[in-house]
$ cat query.tsv   # TSV, C-alpha atoms
chain	number	residue	atom	x	y	z
A	49	MET	CA	0.00	0.00	0.00
A	50	THR	CA	1.12	3.53	-0.77
A	51	GLY	CA	0.72	5.99	2.10
A	52	GLY	CA	-2.28	4.09	3.39
A	53	ALA	CA	-4.26	5.13	0.32
A	54	GLY	CA	-4.80	1.67	-1.09
A	55	GLY	CA	-1.93	1.26	-3.54
A	56	SER	CA	-1.25	2.63	-7.01
A	57	ASP	CA	-3.99	0.45	-8.54
A	58	TRP	CA	-6.71	2.17	-6.46
A	59	ASN	CA	-9.07	4.30	-8.60
A	60	PRO	CA	-10.24	6.98	-6.16
A	61	ALA	CA	-13.59	8.68	-6.66
A	62	LEU	CA	-15.68	11.09	-4.62
A	63	SER	CA	-18.17	9.37	-2.33
A	64	ARG	CA	-21.77	9.51	-3.48
A	65	SER	CA	-22.78	12.21	-1.01
A	66	VAL	CA	-19.80	14.48	-1.82
A	67	LEU	CA	-19.71	17.15	-4.54
A	68	LEU	CA	-16.70	19.13	-5.72
A	69	ARG	CA	-17.69	22.73	-6.49
A	70	HIS	CA	-15.80	25.90	-7.31
A	71	ASP	CA	-16.85	29.02	-5.40
A	72	ARG	CA	-16.26	31.86	-7.87
A	73	VAL	CA	-16.80	34.55	-5.25
A	74	ARG	CA	-14.05	33.21	-2.98
A	75	GLY	CA	-11.99	31.80	-5.84
A	76	THR	CA	-11.62	28.44	-4.12
A	77	ASP	CA	-12.78	24.84	-4.45
A	78	LEU	CA	-15.17	23.28	-1.98
A	79	LEU	CA	-16.24	19.79	-1.00
A	80	VAL	CA	-19.98	19.99	-0.41
A	81	MET	CA	-21.59	17.31	1.74
A	82	PRO	CA	-24.85	17.01	3.61
A	83	GLU	CA	-24.66	19.53	6.45
A	84	ARG	CA	-20.96	20.26	5.82
A	85	VAL	CA	-18.72	22.24	3.48
A	86	VAL	CA	-14.94	21.85	3.38
A	87	VAL	CA	-12.87	24.67	1.88
A	88	LEU	CA	-9.97	23.23	-0.14
A	89	ARG	CA	-6.60	24.95	-0.21
A	90	GLY	CA	-3.83	25.06	-2.79
A	91	SER	CA	-4.06	22.45	-5.52
A	92	ALA	CA	-6.40	20.10	-3.61
A	93	GLY	CA	-9.22	20.77	-6.07
A	94	GLU	CA	-6.99	19.88	-9.02
A	95	VAL	CA	-6.09	16.61	-7.31
A	96	LEU	CA	-9.73	15.77	-6.62
A	97	ARG	CA	-10.83	16.55	-10.18
A	98	LEU	CA	-8.67	13.60	-11.25
A	99	CYS	CA	-10.45	11.34	-8.73
A	100	ASP	CA	-13.15	10.25	-11.15
A	101	GLY	CA	-12.99	6.48	-10.57
A	102	GLU	CA	-11.29	6.08	-13.96
A	103	HIS	CA	-7.76	7.24	-13.06
A	104	ALA	CA	-5.64	4.93	-10.91
A	105	LEU	CA	-3.65	6.54	-8.10
A	106	GLY	CA	-0.41	5.99	-10.04
A	107	ALA	CA	-1.83	7.81	-13.07
A	108	ILE	CA	-3.04	10.69	-10.89
A	109	VAL	CA	0.42	11.05	-9.35
A	110	ALA	CA	2.07	10.93	-12.80
A	111	GLU	CA	-0.32	13.59	-14.18
A	112	LEU	CA	0.28	15.90	-11.24
A	113	ALA	CA	4.05	15.37	-11.41
A	114	GLU	CA	3.88	16.67	-14.99
A	115	ARG	CA	1.77	19.67	-14.00
A	116	PHE	CA	3.88	20.54	-10.95
A	117	PRO	CA	7.52	19.66	-11.70
A	118	GLY	CA	9.62	19.36	-8.58
A	119	ALA	CA	6.63	19.13	-6.21
A	120	PRO	CA	6.64	16.10	-3.88
A	121	VAL	CA	3.44	14.67	-5.38
A	122	ALA	CA	4.63	11.05	-5.13
A	123	THR	CA	4.43	11.24	-1.34
A	124	GLU	CA	1.93	14.02	-0.68
A	125	VAL	CA	-0.89	13.00	-3.04
A	126	PRO	CA	-1.26	9.40	-1.75
A	127	ARG	CA	-1.12	10.70	1.83
A	128	PHE	CA	-3.73	13.41	1.10
A	129	LEU	CA	-6.08	11.00	-0.65
A	130	GLY	CA	-5.61	8.45	2.13
A	131	ARG	CA	-6.75	11.03	4.69
A	132	LEU	CA	-9.81	11.88	2.59
A	133	ARG	CA	-10.61	8.20	2.27
A	134	GLU	CA	-10.41	7.80	6.06
A	135	GLU	CA	-12.89	10.70	6.38
A	136	GLY	CA	-15.22	8.88	3.97
A	137	TRP	CA	-15.12	11.71	1.41
A	138	ILE	CA	-13.61	9.52	-1.32
A	139	ARG	CA	-13.82	5.80	-1.98
$ encode --input "query.tsv" --output "structure tokens"
Amino acid sequence: MTGGAGGSDWNPALSRSVLLRHDRVRGTDLLVMPERVVVLRGSAGEVLRLCDGEHALGAIVAELAERFPGAPVATEVPRFLGRLREEGWIR
């Protein structure tokens, strides 16, 4: 397993009750859930847009490594997605 996220063959997707929305007024991405809204920081929204159930974790990391050269995506993205999975926001 990679960073507790389920391995590079895991195809993360938002849980059924979770929506990813962009708040134009605040210029930020949000996770909208029943009775809860989570404000996303930095590139979290870009990461979650790739979590469509079609892209495997390894492909998501590779795509983000191309977009953000030099960023530690190989360690940070699996850890981030693992935390969201523990919260039940992605599956």
$ residues_around --input "query.tsv" --residues "stretch 96-100 of chain A" --least-positions-apart "3" --cutoff "9 Å" --atoms "only C-alpha atoms" --output "list in words"
Asn59, Pro60, Ala61, Leu62, Leu68, Ser91, Ala92, Gly93, His103, Ala104, Leu105, Ile108, Glu111, Leu129 and Ile138 of chain A
$ atom_distance --input "query.tsv" --atom1 "atom CA of A:Arg84" --atom2 "atom CA of A:Glu124"
24.6 Å
$ atom_distance --input "query.tsv" --atom1 "atom CA of A:Met81" --atom2 "atom CA of A:Glu134"
15.3 Å
$ residues_around --input "query.tsv" --residues "A:Leu79" --least-positions-apart "3" --cutoff "7 Å" --atoms "all atoms listed in the file" --output "VMD selection string"
chain A and resid 66 to 69 85 to 87
$ residues_near_point --input "query.tsv" --point "(-0.1, 11.6, -1.7)" --cutoff "10 Å" --atoms "all atoms listed in the file" --output "MDAnalysis selection string"
chainID A and resid 50:53 95 105 108:109 120:131
$ axis_aligned_box --input "query.tsv" --around "stretch 92-99 of chain A" --padding-each-side "4 Å" --output "JSON"
{"center_x": -8.5, "center_y": 16.1, "center_z": -7.4, "size_x": 12.7, "size_y": 17.4, "size_z": 15.6}
$ atom_distance --input "query.tsv" --atom1 "atom CA of A:Ala110" --atom2 "atom CA of A:Asp57"
12.8 Å
$ closest_residue --input "query.tsv" --among "A:Leu88, A:Glu94, A:Ser63, A:Gly106" --to "A:Glu135" --atoms "all atoms listed in the file"
A:Ser63
